[in-house]
Each structure stands twice: as C-alpha cells, then as structure tokens.
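What follows is the content of upload-v6.pdb, which has PDB, N, CA and C atoms:
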```
MODEL        1
ATOM      1  N   MET A   1      14.488   4.080   4.687
ATOM      2  CA  MET A   1      14.399   2.631   4.798
ATOM      3  C   MET A   1      13.084   2.183   4.162
ATOM      4  N   ARG A   2      13.191   1.146   3.366
ATOM      5  CA  ARG A   2      12.011   0.596   2.689
ATOM      6  C   ARG A   2      11.482  -0.593   3.488
ATOM      7  N   ILE A   3      10.170  -0.616   3.682
ATOM      8  CA  ILE A   3       9.516  -1.713   4.393
ATOM      9  C   ILE A   3       8.454  -2.301   3.478
ATOM     10  N   ASP A   4       8.584  -3.585   3.179
ATOM     11  CA  ASP A   4       7.610  -4.288   2.347
ATOM     12  C   ASP A   4       6.899  -5.327   3.206
ATOM     13  N   VAL A   5       5.589  -5.371   3.099
ATOM     14  CA  VAL A   5       4.785  -6.373   3.793
ATOM     15  C   VAL A   5       4.072  -7.181   2.721
ATOM     16  N   VAL A   6       4.370  -8.486   2.669
ATOM     17  CA  VAL A   6       3.880  -9.352   1.606
ATOM     18  C   VAL A   6       3.077 -10.493   2.225
ATOM     19  N   GLY A   7       1.997 -10.872   1.596
ATOM     20  CA  GLY A   7       1.192 -11.996   2.048
ATOM     21  C   GLY A   7       1.241 -13.137   1.049
ATOM     22  N   ARG A   8       1.438 -14.333   1.527
ATOM     23  CA  ARG A   8       1.434 -15.528   0.691
ATOM     24  C   ARG A   8       0.256 -16.397   1.126
ATOM     25  N   ASN A   9      -0.703 -16.604   0.219
ATOM     26  CA  ASN A   9      -1.944 -17.331   0.521
ATOM     27  C   ASN A   9      -2.687 -16.675   1.680
ATOM     28  N   PHE A  10      -2.522 -15.378   1.817
ATOM     29  CA  PHE A  10      -3.106 -14.663   2.942
ATOM     30  C   PHE A  10      -3.277 -13.197   2.542
ATOM     31  N   GLU A  11      -4.429 -12.638   2.834
ATOM     32  CA  GLU A  11      -4.721 -11.239   2.514
ATOM     33  C   GLU A  11      -4.181 -10.347   3.634
ATOM     34  N   ILE A  12      -3.306  -9.425   3.279
ATOM     35  CA  ILE A  12      -2.740  -8.493   4.245
ATOM     36  C   ILE A  12      -3.721  -7.327   4.413
ATOM     37  N   THR A  13      -4.270  -7.180   5.612
ATOM     38  CA  THR A  13      -5.178  -6.076   5.872
ATOM     39  C   THR A  13      -4.362  -4.825   6.209
ATOM     40  N   GLU A  14      -5.034  -3.695   6.214
ATOM     41  CA  GLU A  14      -4.349  -2.434   6.522
ATOM     42  C   GLU A  14      -3.843  -2.425   7.968
ATOM     43  N   ALA A  15      -4.579  -3.034   8.876
ATOM     44  CA  ALA A  15      -4.156  -3.095  10.273
ATOM     45  C   ALA A  15      -2.880  -3.925  10.432
ATOM     46  N   ILE A  16      -2.802  -5.058   9.734
ATOM     47  CA  ILE A  16      -1.602  -5.890   9.798
ATOM     48  C   ILE A  16      -0.431  -5.146   9.171
ATOM     49  N   ARG A  17      -0.665  -4.460   8.047
ATOM     50  CA  ARG A  17       0.402  -3.711   7.376
ATOM     51  C   ARG A  17       0.939  -2.604   8.290
ATOM     52  N   GLN A  18       0.049  -1.859   8.932
ATOM     53  CA  GLN A  18       0.484  -0.788   9.824
ATOM     54  C   GLN A  18       1.237  -1.336  11.033
ATOM     55  N   HIS A  19       0.753  -2.454  11.575
ATOM     56  CA  HIS A  19       1.423  -3.067  12.721
ATOM     57  C   HIS A  19       2.835  -3.503  12.339
ATOM     58  N   ALA A  20       2.978  -4.157  11.202
ATOM     59  CA  ALA A  20       4.288  -4.631  10.759
ATOM     60  C   ALA A  20       5.230  -3.464  10.466
ATOM     61  N   GLU A  21       4.715  -2.405   9.849
ATOM     62  CA  GLU A  21       5.564  -1.262   9.521
ATOM     63  C   GLU A  21       6.026  -0.524  10.772
ATOM     64  N   THR A  22       5.153  -0.337  11.744
ATOM     65  CA  THR A  22       5.570   0.358  12.962
ATOM     66  C   THR A  22       6.582  -0.455  13.753
ATOM     67  N   LYS A  23       6.407  -1.766  13.770
ATOM     68  CA  LYS A  23       7.379  -2.611  14.476
ATOM     69  C   LYS A  23       8.719  -2.653  13.732
ATOM     70  N   ALA A  24       8.682  -2.718  12.407
ATOM     71  CA  ALA A  24       9.912  -2.810  11.627
ATOM     72  C   ALA A  24      10.697  -1.501  11.649
ATOM     73  N   GLN A  25      10.029  -0.379  11.811
ATOM     74  CA  GLN A  25      10.736   0.901  11.869
ATOM     75  C   GLN A  25      11.618   1.005  13.104
ATOM     76  N   LYS A  26      11.319   0.250  14.125
ATOM     77  CA  LYS A  26      12.117   0.279  15.347
ATOM     78  C   LYS A  26      13.472  -0.409  15.175
ATOM     79  N   LEU A  27      13.660  -1.153  14.086
ATOM     80  CA  LEU A  27      14.914  -1.873  13.891
ATOM     81  C   LEU A  27      16.087  -0.935  13.642
ATOM     82  N   THR A  28      15.844   0.258  13.131
ATOM     83  CA  THR A  28      16.945   1.198  12.907
ATOM     84  C   THR A  28      17.524   1.705  14.218
ATOM     85  N   LYS A  29      16.781   1.553  15.301
ATOM     86  CA  LYS A  29      17.282   1.945  16.621
ATOM     87  C   LYS A  29      18.449   1.045  17.045
ATOM     88  N   PHE A  30      18.464  -0.199  16.569
ATOM     89  CA  PHE A  30      19.484  -1.144  16.983
ATOM     90  C   PHE A  30      20.719  -1.120  16.080
ATOM     91  N   TYR A  31      20.535  -0.747  14.797
ATOM     92  CA  TYR A  31      21.663  -0.668  13.875
ATOM     93  C   TYR A  31      21.308   0.313  12.768
ATOM     94  N   ASP A  32      22.188   1.290  12.534
ATOM     95  CA  ASP A  32      21.900   2.361  11.585
ATOM     96  C   ASP A  32      21.994   1.926  10.130
ATOM     97  N   GLY A  33      22.666   0.822   9.850
ATOM     98  CA  GLY A  33      22.889   0.406   8.474
ATOM     99  C   GLY A  33      21.752  -0.391   7.854
ATOM    100  N   VAL A  34      20.566  -0.384   8.458
ATOM    101  CA  VAL A  34      19.423  -1.114   7.905
ATOM    102  C   VAL A  34      18.919  -0.369   6.669
ATOM    103  N   GLN A  35      18.892  -1.073   5.528
ATOM    104  CA  GLN A  35      18.460  -0.446   4.283
ATOM    105  C   GLN A  35      17.020  -0.795   3.935
ATOM    106  N   ALA A  36      16.630  -2.051   4.141
ATOM    107  CA  ALA A  36      15.282  -2.490   3.771
ATOM    108  C   ALA A  36      14.864  -3.641   4.686
ATOM    109  N   VAL A  37      13.563  -3.728   4.893
ATOM    110  CA  VAL A  37      12.984  -4.812   5.684
ATOM    111  C   VAL A  37      11.817  -5.387   4.890
ATOM    112  N   ARG A  38      11.784  -6.720   4.775
ATOM    113  CA  ARG A  38      10.673  -7.379   4.101
ATOM    114  C   ARG A  38      10.021  -8.350   5.084
ATOM    115  N   VAL A  39       8.734  -8.146   5.316
ATOM    116  CA  VAL A  39       7.955  -9.009   6.199
ATOM    117  C   VAL A  39       7.035  -9.837   5.316
ATOM    118  N   THR A  40       7.183 -11.154   5.358
ATOM    119  CA  THR A  40       6.354 -12.053   4.570
ATOM    120  C   THR A  40       5.497 -12.884   5.518
ATOM    121  N   VAL A  41       4.189 -12.766   5.363
ATOM    122  CA  VAL A  41       3.244 -13.529   6.181
ATOM    123  C   VAL A  41       2.635 -14.599   5.289
ATOM    124  N   ALA A  42       2.801 -15.853   5.686
ATOM    125  CA  ALA A  42       2.285 -16.967   4.883
ATOM    126  C   ALA A  42       1.347 -17.807   5.725
ATOM    127  N   LYS A  43       0.352 -18.340   5.071
ATOM    128  CA  LYS A  43      -0.599 -19.256   5.705
ATOM    129  C   LYS A  43      -0.710 -20.464   4.791
ATOM    130  N   HIS A  44      -0.221 -21.598   5.252
ATOM    131  CA  HIS A  44      -0.212 -22.783   4.408
ATOM    132  C   HIS A  44      -1.552 -23.499   4.414
ATOM    133  N   ASP A  45      -2.259 -23.462   5.558
ATOM    134  CA  ASP A  45      -3.602 -24.025   5.606
ATOM    135  C   ASP A  45      -4.580 -22.994   5.067
ATOM    136  N   HIS A  46      -5.530 -23.426   4.315
ATOM    137  CA  HIS A  46      -6.558 -22.521   3.832
ATOM    138  C   HIS A  46      -7.754 -22.476   4.781
ATOM    139  N   HIS A  47      -7.593 -23.091   5.951
ATOM    140  CA  HIS A  47      -8.645 -23.078   6.949
ATOM    141  C   HIS A  47      -8.582 -21.771   7.738
ATOM    142  N   HIS A  48      -9.607 -21.528   8.501
ATOM    143  CA  HIS A  48      -9.667 -20.296   9.286
ATOM    144  C   HIS A  48      -8.627 -20.297  10.404
ATOM    145  N   LYS A  49      -8.408 -21.434  11.020
ATOM    146  CA  LYS A  49      -7.432 -21.551  12.099
ATOM    147  C   LYS A  49      -6.164 -22.192  11.558
ATOM    148  N   GLY A  50      -5.109 -22.025  12.286
ATOM    149  CA  GLY A  50      -3.839 -22.619  11.894
ATOM    150  C   GLY A  50      -2.707 -21.625  12.071
ATOM    151  N   PRO A  51      -1.480 -22.118  12.065
ATOM    152  CA  PRO A  51      -0.342 -21.229  12.334
ATOM    153  C   PRO A  51      -0.001 -20.338  11.133
ATOM    154  N   PHE A  52       0.554 -19.197  11.453
ATOM    155  CA  PHE A  52       1.066 -18.263  10.449
ATOM    156  C   PHE A  52       2.582 -18.366  10.429
ATOM    157  N   ASP A  53       3.154 -18.377   9.246
ATOM    158  CA  ASP A  53       4.600 -18.328   9.091
ATOM    159  C   ASP A  53       4.984 -16.894   8.773
ATOM    160  N   VAL A  54       5.791 -16.296   9.623
ATOM    161  CA  VAL A  54       6.267 -14.934   9.399
ATOM    162  C   VAL A  54       7.766 -14.997   9.158
ATOM    163  N   GLU A  55       8.182 -14.446   8.032
ATOM    164  CA  GLU A  55       9.595 -14.376   7.698
ATOM    165  C   GLU A  55       9.984 -12.904   7.636
ATOM    166  N   LEU A  56      11.043 -12.551   8.321
ATOM    167  CA  LEU A  56      11.539 -11.186   8.361
ATOM    168  C   LEU A  56      12.939 -11.192   7.764
ATOM    169  N   VAL A  57      13.132 -10.445   6.684
ATOM    170  CA  VAL A  57      14.432 -10.342   6.036
ATOM    171  C   VAL A  57      14.907  -8.901   6.195
ATOM    172  N   ILE A  58      16.043  -8.736   6.875
ATOM    173  CA  ILE A  58      16.593  -7.411   7.144
ATOM    174  C   ILE A  58      17.832  -7.233   6.271
ATOM    175  N   ASP A  59      17.780  -6.275   5.366
ATOM    176  CA  ASP A  59      18.882  -5.989   4.462
ATOM    177  C   ASP A  59      19.734  -4.890   5.081
ATOM    178  N   VAL A  60      20.979  -5.216   5.414
ATOM    179  CA  VAL A  60      21.899  -4.235   5.982
ATOM    180  C   VAL A  60      23.086  -4.060   5.052
ATOM    181  N   GLU A  61      23.734  -2.920   5.171
ATOM    182  CA  GLU A  61      24.882  -2.658   4.306
ATOM    183  C   GLU A  61      26.114  -3.370   4.856
ATOM    184  N   LYS A  62      26.950  -3.826   3.930
ATOM    185  CA  LYS A  62      28.223  -4.487   4.230
ATOM    186  C   LYS A  62      28.074  -5.797   4.996
ATOM    187  N   HIS A  63      26.946  -6.467   4.823
ATOM    188  CA  HIS A  63      26.734  -7.767   5.466
ATOM    189  C   HIS A  63      25.623  -8.493   4.721
ATOM    190  N   ASP A  64      25.593  -9.809   4.862
ATOM    191  CA  ASP A  64      24.488 -10.578   4.290
ATOM    192  C   ASP A  64      23.193 -10.229   5.018
ATOM    193  N   ASP A  65      22.087 -10.589   4.393
ATOM    194  CA  ASP A  65      20.783 -10.308   4.990
ATOM    195  C   ASP A  65      20.589 -11.145   6.254
ATOM    196  N   PHE A  66      19.919 -10.556   7.226
ATOM    197  CA  PHE A  66      19.517 -11.280   8.426
ATOM    198  C   PHE A  66      18.117 -11.818   8.178
ATOM    199  N   VAL A  67      17.911 -13.111   8.467
ATOM    200  CA  VAL A  67      16.635 -13.765   8.192
ATOM    201  C   VAL A  67      16.103 -14.358   9.489
ATOM    202  N   VAL A  68      14.807 -14.107   9.747
ATOM    203  CA  VAL A  68      14.140 -14.609  10.946
ATOM    204  C   VAL A  68      12.878 -15.345  10.514
ATOM    205  N   HIS A  69      12.636 -16.527  11.093
ATOM    206  CA  HIS A  69      11.419 -17.292  10.830
ATOM    207  C   HIS A  69      10.677 -17.512  12.149
ATOM    208  N   VAL A  70       9.372 -17.257  12.123
ATOM    209  CA  VAL A  70       8.527 -17.476  13.303
ATOM    210  C   VAL A  70       7.236 -18.137  12.834
ATOM    211  N   LYS A  71       6.774 -19.122  13.598
ATOM    212  CA  LYS A  71       5.528 -19.821  13.278
ATOM    213  C   LYS A  71       4.658 -19.836  14.529
ATOM    214  N   LEU A  72       3.562 -19.043  14.499
ATOM    215  CA  LEU A  72       2.660 -18.943  15.646
ATOM    216  C   LEU A  72       1.220 -18.860  15.169
ATOM    217  N   GLU A  73       0.294 -19.011  16.110
ATOM    218  CA  GLU A  73      -1.133 -18.989  15.790
ATOM    219  C   GLU A  73      -1.659 -17.576  15.523
ATOM    220  N   ASP A  74      -1.135 -16.568  16.228
ATOM    221  CA  ASP A  74      -1.606 -15.195  16.091
ATOM    222  C   ASP A  74      -0.622 -14.420  15.225
ATOM    223  N   VAL A  75      -1.115 -13.759  14.194
ATOM    224  CA  VAL A  75      -0.240 -13.070  13.248
ATOM    225  C   VAL A  75       0.439 -11.868  13.894
ATOM    226  N   TYR A  76      -0.243 -11.163  14.778
ATOM    227  CA  TYR A  76       0.346  -9.993  15.432
ATOM    228  C   TYR A  76       1.468 -10.397  16.383
ATOM    229  N   VAL A  77       1.257 -11.447  17.141
ATOM    230  CA  VAL A  77       2.279 -11.945  18.052
ATOM    231  C   VAL A  77       3.473 -12.487  17.263
ATOM    232  N   ALA A  78       3.201 -13.124  16.119
ATOM    233  CA  ALA A  78       4.281 -13.644  15.285
ATOM    234  C   ALA A  78       5.137 -12.513  14.727
ATOM    235  N   ILE A  79       4.508 -11.413  14.329
ATOM    236  CA  ILE A  79       5.270 -10.257  13.830
ATOM    237  C   ILE A  79       6.106  -9.661  14.956
ATOM    238  N   ASP A  80       5.514  -9.536  16.144
ATOM    239  CA  ASP A  80       6.258  -9.010  17.290
ATOM    240  C   ASP A  80       7.468  -9.881  17.614
ATOM    241  N   GLU A  81       7.268 -11.190  17.607
ATOM    242  CA  GLU A  81       8.353 -12.125  17.907
ATOM    243  C   GLU A  81       9.459 -12.053  16.859
ATOM    244  N   ALA A  82       9.084 -11.931  15.595
ATOM    245  CA  ALA A  82      10.067 -11.844  14.527
ATOM    246  C   ALA A  82      10.897 -10.565  14.643
ATOM    247  N   VAL A  83      10.257  -9.462  14.956
ATOM    248  CA  VAL A  83      10.990  -8.202  15.120
ATOM    249  C   VAL A  83      11.910  -8.276  16.332
ATOM    250  N   GLN A  84      11.460  -8.935  17.389
ATOM    251  CA  GLN A  84      12.297  -9.089  18.578
ATOM    252  C   GLN A  84      13.540  -9.919  18.257
ATOM    253  N   LYS A  85      13.372 -11.015  17.519
ATOM    254  CA  LYS A  85      14.509 -11.846  17.134
ATOM    255  C   LYS A  85      15.444 -11.091  16.190
ATOM    256  N   GLY A  86      14.861 -10.316  15.276
ATOM    257  CA  GLY A  86      15.681  -9.529  14.360
ATOM    258  C   GLY A  86      16.483  -8.463  15.083
ATOM    259  N   SER A  87      15.872  -7.830  16.082
ATOM    260  CA  SER A  87      16.599  -6.820  16.850
ATOM    261  C   SER A  87      17.739  -7.457  17.631
ATOM    262  N   ARG A  88      17.535  -8.667  18.093
ATOM    263  CA  ARG A  88      18.603  -9.380  18.802
ATOM    264  C   ARG A  88      19.765  -9.682  17.852
ATOM    265  N   GLN A  89      19.457 -10.092  16.621
ATOM    266  CA  GLN A  89      20.515 -10.358  15.646
ATOM    267  C   GLN A  89      21.283  -9.083  15.306
ATOM    268  N   LEU A  90      20.576  -7.976  15.155
ATOM    269  CA  LEU A  90      21.239  -6.705  14.843
ATOM    270  C   LEU A  90      22.102  -6.234  16.010
ATOM    271  N   THR A  91      21.616  -6.408  17.235
ATOM    272  CA  THR A  91      22.398  -6.012  18.407
ATOM    273  C   THR A  91      23.674  -6.841  18.516
ATOM    274  N   ASP A  92      23.563  -8.148  18.309
ATOM    275  CA  ASP A  92      24.739  -9.011  18.359
ATOM    276  C   ASP A  92      25.738  -8.640  17.267
ATOM    277  N   PHE A  93      25.243  -8.326  16.073
ATOM    278  CA  PHE A  93      26.110  -7.937  14.970
ATOM    279  C   PHE A  93      26.830  -6.630  15.278
ATOM    280  N   LYS A  94      26.134  -5.679  15.851
ATOM    281  CA  LYS A  94      26.741  -4.390  16.187
ATOM    282  C   LYS A  94      27.805  -4.566  17.269
ATOM    283  N   GLU A  95      27.530  -5.403  18.261
ATOM    284  CA  GLU A  95      28.515  -5.674  19.304
ATOM    285  C   GLU A  95      29.752  -6.359  18.734
ATOM    286  N   LYS A  96      29.540  -7.263  17.785
ATOM    287  CA  LYS A  96      30.665  -7.945  17.162
ATOM    288  C   LYS A  96      31.526  -6.953  16.367
ATOM    289  N   LEU A  97      30.874  -6.002  15.715
ATOM    290  CA  LEU A  97      31.627  -4.980  14.986
ATOM    291  C   LEU A  97      32.464  -4.119  15.931
ATOM    292  N   LYS A  98      31.867  -3.731  17.057
ATOM    293  CA  LYS A  98      32.596  -2.901  18.018
ATOM    294  C   LYS A  98      33.754  -3.660  18.656
ATOM    295  N   ASP A  99      33.520  -4.915  19.038
ATOM    296  CA  ASP A  99      34.566  -5.694  19.706
ATOM    297  C   ASP A  99      35.626  -6.182  18.745
ATOM    298  N   GLY A 100      35.268  -6.381  17.491
ATOM    299  CA  GLY A 100      36.220  -6.912  16.514
ATOM    300  C   GLY A 100      37.278  -5.925  16.090
ATOM    301  N   LYS A 101      37.031  -4.654  16.243
ATOM    302  CA  LYS A 101      37.980  -3.636  15.791
ATOM    303  C   LYS A 101      39.065  -3.374  16.815
ATOM    304  N   ARG A 102      38.915  -3.882  18.021
ATOM    305  CA  ARG A 102      39.895  -3.602  19.068
ATOM    306  C   ARG A 102      41.066  -4.533  19.005
TER     307      ARG A 102
ENDMDL
END
```
Render the structure in this file as structure tokens.
Amino acid sequence: MRIDVVGRNFEITEAIRQHAETKAQKLTKFYDGVQAVRVTVAKHDHHHKGPFDVELVIDVEKHDDFVVHVKLEDVYVAIDEAVQKGSRQLTDFKEKLKDGKR
C-alpha cells in the first residue's frame, strides 16, 4: 500500500509524516482492498494560528475513491479524525458488500 503525505501552503515535518503514515496503515485492518492513501494537509491562512484542512483520499479496488475532509486547529487531531472517518466509511462499505451478496 502506498501512502503519500502532501502539504499545501504548509511544510510537512518528519513527525507529521510519521504520524500520518502510522495512522493510515491501520486502514487495511478495516478493508483489505486498500491500494493507496493520500493525506493532504492544507493551511489557507499564512498566520501561525488557524485551522488546518486535512483531506484523506483512500483508493480501493473495484470502487470509487473514499474522500474525507476535516478542518481543525490541531494538525495531529485532524489527521486522527480523518483516519477515524475513513475507517468508518471502509467498515460501512465492507458491511454493504457482505450484506448485498445474500
């Protein structure tokens, strides 16, 4: 599985990259067909304070990409929230696959 961490108007530090990669690796636990994950961290204000926009795009086989948007003040909490929402989408999709075949 490929994990990309991208920053828009924001410098991605090694700590943020490692945090995002470790959280994104847990997504395969919810659905085996995850091929790639892209985490995009954007900061629209150039000030020191302000919200971070985190977008999580989960590429799975045989389905369109799952997209999650989170806007919070802390970048680490925003990444955690995005991964949590993405895992919920993958769990719902897997349940739909299991129930739909019956």
Practice item. Would you return as a list of chain:residue names the members of stretch 35-83 of chain A that DSSP assigns to strand (DSSP E or B) on this structure's backbone? Key: A:Gln35, A:Ala36, A:Val37, A:Arg38, A:Val39, A:Thr40, A:Val41, A:Ala42, A:Phe52, A:Asp53, A:Val54, A:Glu55, A:Leu56, A:Val57, A:Ile58, A:Asp59, A:Val60, A:Phe66, A:Val67, A:Val68, A:His69, A:Val70, A:Lys71, A:Leu72
Point to revise | Straight-line distance linking atom CA of A:Asp59 with atom CA of A:Glu11, stated in Å to one decimal | key: 24.3 Å
Check your understanding: Hey, what comes out of the PyMOL selection byres (((chain A and resi 80-86 and name CA) around 7) and name CA) on this file? Could you write it as a list in words?
Key ->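 Output from the PyMOL selection byres (((chain A and resi 80-86 and name CA) around 7) and name CA), applied to this file: Lys23, Ala24, Leu56, Val68, His69, Val70, Tyr76, Val77, Ala78, Ile79, Ser87, Arg88, Gln89 and Leu90 of chain A.
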Point to revise | Distance query stretch 37-41 of chain A at most 5 Å, only N, CA and C atoms, self and fewer than 2 positions along chain excluded, as a ChimeraX atom specification | key: /A:2-8,35,43,53-59
Point to revise | Option closest in space to A:Asn9, from A:Glu95, A:Asp45, A:Glu61, A:Glu73 [counting only N, CA and C atoms] | key: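 Result for the nearest residue to A:Asn9: A:Asp45.
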Please define a box with edges along x, y and z of the file around all atoms of stretch 63-68 of chain A given in the file, extend it by 8 Å on each side, and return its centre and edge lengths in Å to one decimal, as JSON.
```
{"center_x": 19.9, "center_y": -10.9, "center_z": 7.6, "size_x": 30.1, "size_y": 24.9, "size_z": 22.7}
```
**Study point:** DSSP alpha helix (DSSP H) residues within chain A, as a ChimeraX atom specification
**Key:** /A:14-25,75-100
Include N, CA and C atoms and write out the residues we just selected as a CSV table (one decimal), in the frame of the given file.
```
chain,number,residue,atom,x,y,z
A,14,GLU,N,-5.0,-3.7,6.2
A,14,GLU,CA,-4.3,-2.4,6.5
A,14,GLU,C,-3.8,-2.4,8.0
A,15,ALA,N,-4.6,-3.0,8.9
A,15,ALA,CA,-4.2,-3.1,10.3
A,15,ALA,C,-2.9,-3.9,10.4
A,16,ILE,N,-2.8,-5.1,9.7
A,16,ILE,CA,-1.6,-5.9,9.8
A,16,ILE,C,-0.4,-5.1,9.2
A,17,ARG,N,-0.7,-4.5,8.0
A,17,ARG,CA,0.4,-3.7,7.4
A,17,ARG,C,0.9,-2.6,8.3
A,18,GLN,N,0.0,-1.9,8.9
A,18,GLN,CA,0.5,-0.8,9.8
A,18,GLN,C,1.2,-1.3,11.0
A,19,HIS,N,0.8,-2.5,11.6
A,19,HIS,CA,1.4,-3.1,12.7
A,19,HIS,C,2.8,-3.5,12.3
A,20,ALA,N,3.0,-4.2,11.2
A,20,ALA,CA,4.3,-4.6,10.8
A,20,ALA,C,5.2,-3.5,10.5
A,21,GLU,N,4.7,-2.4,9.8
A,21,GLU,CA,5.6,-1.3,9.5
A,21,GLU,C,6.0,-0.5,10.8
A,22,THR,N,5.2,-0.3,11.7
A,22,THR,CA,5.6,0.4,13.0
A,22,THR,C,6.6,-0.5,13.8
A,23,LYS,N,6.4,-1.8,13.8
A,23,LYS,CA,7.4,-2.6,14.5
A,23,LYS,C,8.7,-2.7,13.7
A,24,ALA,N,8.7,-2.7,12.4
A,24,ALA,CA,9.9,-2.8,11.6
A,24,ALA,C,10.7,-1.5,11.6
A,25,GLN,N,10.0,-0.4,11.8
A,25,GLN,CA,10.7,0.9,11.9
A,25,GLN,C,11.6,1.0,13.1
A,75,VAL,N,-1.1,-13.8,14.2
A,75,VAL,CA,-0.2,-13.1,13.2
A,75,VAL,C,0.4,-11.9,13.9
A,76,TYR,N,-0.2,-11.2,14.8
A,76,TYR,CA,0.3,-10.0,15.4
A,76,TYR,C,1.5,-10.4,16.4
A,77,VAL,N,1.3,-11.4,17.1
A,77,VAL,CA,2.3,-11.9,18.1
A,77,VAL,C,3.5,-12.5,17.3
A,78,ALA,N,3.2,-13.1,16.1
A,78,ALA,CA,4.3,-13.6,15.3
A,78,ALA,C,5.1,-12.5,14.7
A,79,ILE,N,4.5,-11.4,14.3
A,79,ILE,CA,5.3,-10.3,13.8
A,79,ILE,C,6.1,-9.7,15.0
A,80,ASP,N,5.5,-9.5,16.1
A,80,ASP,CA,6.3,-9.0,17.3
A,80,ASP,C,7.5,-9.9,17.6
A,81,GLU,N,7.3,-11.2,17.6
A,81,GLU,CA,8.4,-12.1,17.9
A,81,GLU,C,9.5,-12.1,16.9
A,82,ALA,N,9.1,-11.9,15.6
A,82,ALA,CA,10.1,-11.8,14.5
A,82,ALA,C,10.9,-10.6,14.6
A,83,VAL,N,10.3,-9.5,15.0
A,83,VAL,CA,11.0,-8.2,15.1
A,83,VAL,C,11.9,-8.3,16.3
A,84,GLN,N,11.5,-8.9,17.4
A,84,GLN,CA,12.3,-9.1,18.6
A,84,GLN,C,13.5,-9.9,18.3
A,85,LYS,N,13.4,-11.0,17.5
A,85,LYS,CA,14.5,-11.8,17.1
A,85,LYS,C,15.4,-11.1,16.2
A,86,GLY,N,14.9,-10.3,15.3
A,86,GLY,CA,15.7,-9.5,14.4
A,86,GLY,C,16.5,-8.5,15.1
A,87,SER,N,15.9,-7.8,16.1
A,87,SER,CA,16.6,-6.8,16.8
A,87,SER,C,17.7,-7.5,17.6
A,88,ARG,N,17.5,-8.7,18.1
A,88,ARG,CA,18.6,-9.4,18.8
A,88,ARG,C,19.8,-9.7,17.9
A,89,GLN,N,19.5,-10.1,16.6
A,89,GLN,CA,20.5,-10.4,15.6
A,89,GLN,C,21.3,-9.1,15.3
A,90,LEU,N,20.6,-8.0,15.2
A,90,LEU,CA,21.2,-6.7,14.8
A,90,LEU,C,22.1,-6.2,16.0
A,91,THR,N,21.6,-6.4,17.2
A,91,THR,CA,22.4,-6.0,18.4
A,91,THR,C,23.7,-6.8,18.5
A,92,ASP,N,23.6,-8.1,18.3
A,92,ASP,CA,24.7,-9.0,18.4
A,92,ASP,C,25.7,-8.6,17.3
A,93,PHE,N,25.2,-8.3,16.1
A,93,PHE,CA,26.1,-7.9,15.0
A,93,PHE,C,26.8,-6.6,15.3
A,94,LYS,N,26.1,-5.7,15.9
A,94,LYS,CA,26.7,-4.4,16.2
A,94,LYS,C,27.8,-4.6,17.3
A,95,GLU,N,27.5,-5.4,18.3
A,95,GLU,CA,28.5,-5.7,19.3
A,95,GLU,C,29.8,-6.4,18.7
A,96,LYS,N,29.5,-7.3,17.8
A,96,LYS,CA,30.7,-7.9,17.2
A,96,LYS,C,31.5,-7.0,16.4
A,97,LEU,N,30.9,-6.0,15.7
A,97,LEU,CA,31.6,-5.0,15.0
A,97,LEU,C,32.5,-4.1,15.9
A,98,LYS,N,31.9,-3.7,17.1
A,98,LYS,CA,32.6,-2.9,18.0
A,98,LYS,C,33.8,-3.7,18.7
A,99,ASP,N,33.5,-4.9,19.0
A,99,ASP,CA,34.6,-5.7,19.7
A,99,ASP,C,35.6,-6.2,18.7
A,100,GLY,N,35.3,-6.4,17.5
A,100,GLY,CA,36.2,-6.9,16.5
A,100,GLY,C,37.3,-5.9,16.1
```
Exercise for review: Tell me which residues the PyMOL selection byres ((chain A and resi 30) around 8) grabs here, as a VMD selection string.
Suggested key: chain A and resid 25 to 29 31 to 34 87 to 88 90 to 92 94
Review point. What does the distance between atom N of A:Val67 and atom CA of A:Ala36 come to in Å, to one decimal place?
Key: 11.9 Å
Check your understanding: Expressed in Å to a single decimal, how great is the separation between atom CA of A:Ile12 and atom CA of A:Asp74?
Key ->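 Computing it gives 13.7 Å between the two atoms.
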Revision key, fill the gap. Closest of A:Ala42, A:Met1, A:Val60, A:Lys96 to A:Val75, counting only C-alpha atoms, is A:Ala42
Exercise for review: Point out the residue among A:Leu72, A:Ala15, A:Phe10, A:Asp99 with the least atom-to-atom distance to A:Pro51, counting all atoms listed in the file.
Suggested key: A:Leu72
